[in-house]
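Engineer: Attaching a single structure in structure tokens format; questions to follow.
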Amino acid sequence: MKEKARQLFKDKLVLVMMVLGLLTIVAAAGTMTIHRGGQTEETPYLQMQESPGMIAENEEFPAETAGQPAELPAGEMAGEEKIYTEERVADASEKDELSPAETYEEDAAQAGAGQASATALTLNFTESSRMTWPIQGNVLLDYSMDTTIYFPTLDQYKCNPGIVIQGEVSMPVVAPANAQITEIGNNEEIGNYAVLDLGNEYTVTCGQLKEIQAEAGDYLEKGQILGYVAEPTKYYCVEGSNVYMEMDHQGAPVDPLDFME
């Protein structure tokens, strides 16, 4: 009798477990509907509906373009602004095609060779004015009009109306003061030279030059490149490469060192 009761209890327990398992399966199946034909699923997540007033991204108004008014769509700039931008792009493209040397010459816009439109400078050199050195170097031969000095290459003594400043070949030579070029020339003793009018009847002649960067009539500002140091002429072989500098006032030579900074 006890054996039958125990067996009946086991059968009921199995039946209860089967019913519970079936209910669990039915409940799980109810949370998701699967459409086999269209291969679509309904997820249990809440779907957000787009508000009619919201603007879809990248449809009508893309991200603002730098420099473009916010109220205009990209690519529809105001006429004048669009033309200005296109001109700027064209100018930048043309400038990129220039070599570094051409770009420097274009940007410098200073008085020099070929600069016919350069603004004229006010030339007002006086006794109290001071000049910069055309090159930095030792004075090989001093100014001397009262006594003679020895010239090594010539192996003789004579007067010197200027000074001879030591310099390396191709070293830049600058204008010692604001000036106008009155003459470009060449002679046997000082080679290529330029005569600079400083104003008030003061002039400076710089010789032993090459690649002179100005023409007669051009204006140069103080410190602007005039040319470069050339190989010495046969009159200065022993002295070596140099710049010859002569200063005159009212047609008579004066000592340039008296006017140097």
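Following the order of the structure tokens, chains are lettered A, B, ..., residues in each are numbered from 1, and ligands are numbered from 1.
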Show me, as a ChimeraX atom specification, the residues that have an atom within 6 Å of stretch 174-190 of chain A when counting only C-alpha atoms, minus same-chain residues fewer than 2 positions from it.
Structural biologist: /A:131-134,192-198,207-208,216-226,235
Engineer: Report, in Å to a single decimal, how far apart atom CA of A:Met247 and atom CA of A:Ala214 are.
Structural biologist: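 Those two atoms sit 19.2 Å apart.
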Engineer: A:Leu154, A:Met17, A:Cys206, A:Ile165: which is nearest A:Cys237, counting only C-alpha atoms?
Structural biologist: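 Checking each of A:Leu154, A:Met17, A:Cys206, A:Ile165 against A:Cys237, counting only C-alpha atoms, the winner is A:Leu154.
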Engineer: Looking at only C-alpha atoms, which of A:Gly162, A:Gly137, A:Gly191, A:Gly21 is the one that sits closest to A:Lys210?
Structural biologist: A:Gly191
Engineer: With only C-alpha atoms as the atoms that count, which of A:Thr148, A:Asn200, A:Gln7, A:Gln250 lies nearest to A:Leu123?
Structural biologist: A:Asn200
Engineer: Figure out the distance between atom CA of A:Leu257 and atom CA of A:Asn138, please, to one decimal in Å.
Structural biologist: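 Interatomic distance, atom CA of A:Asn138 to atom CA of A:Leu257: 12.2 Å.
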Engineer: Just how far from atom CA of A:Val204 is atom CA of A:Pro256, in Å to one decimal?
Structural biologist: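 Atom CA of A:Val204 lies at a distance of 8.6 Å from atom CA of A:Pro256.
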Engineer: Name all residues at most 10 Å from A:Gln136 (count only C-alpha atoms; drop same-chain ones fewer than 4 positions away) and give them as a ChimeraX atom specification.
Structural biologist: /A:132,165-168,171-173
Engineer: Pull the strand (DSSP E or B) assignments for stretch 176-226 of chain A out of DSSP run on the backbone, and list those residues as a PyMOL selection string.
Structural biologist: chain A and resi 179-187+191-199+202-210+219-220+225-226
Engineer: Nearest residue to A:Thr233 out of A:Ala252, A:Leu209, A:Met245, A:Val19, using only C-alpha atoms?
Structural biologist: A:Leu209
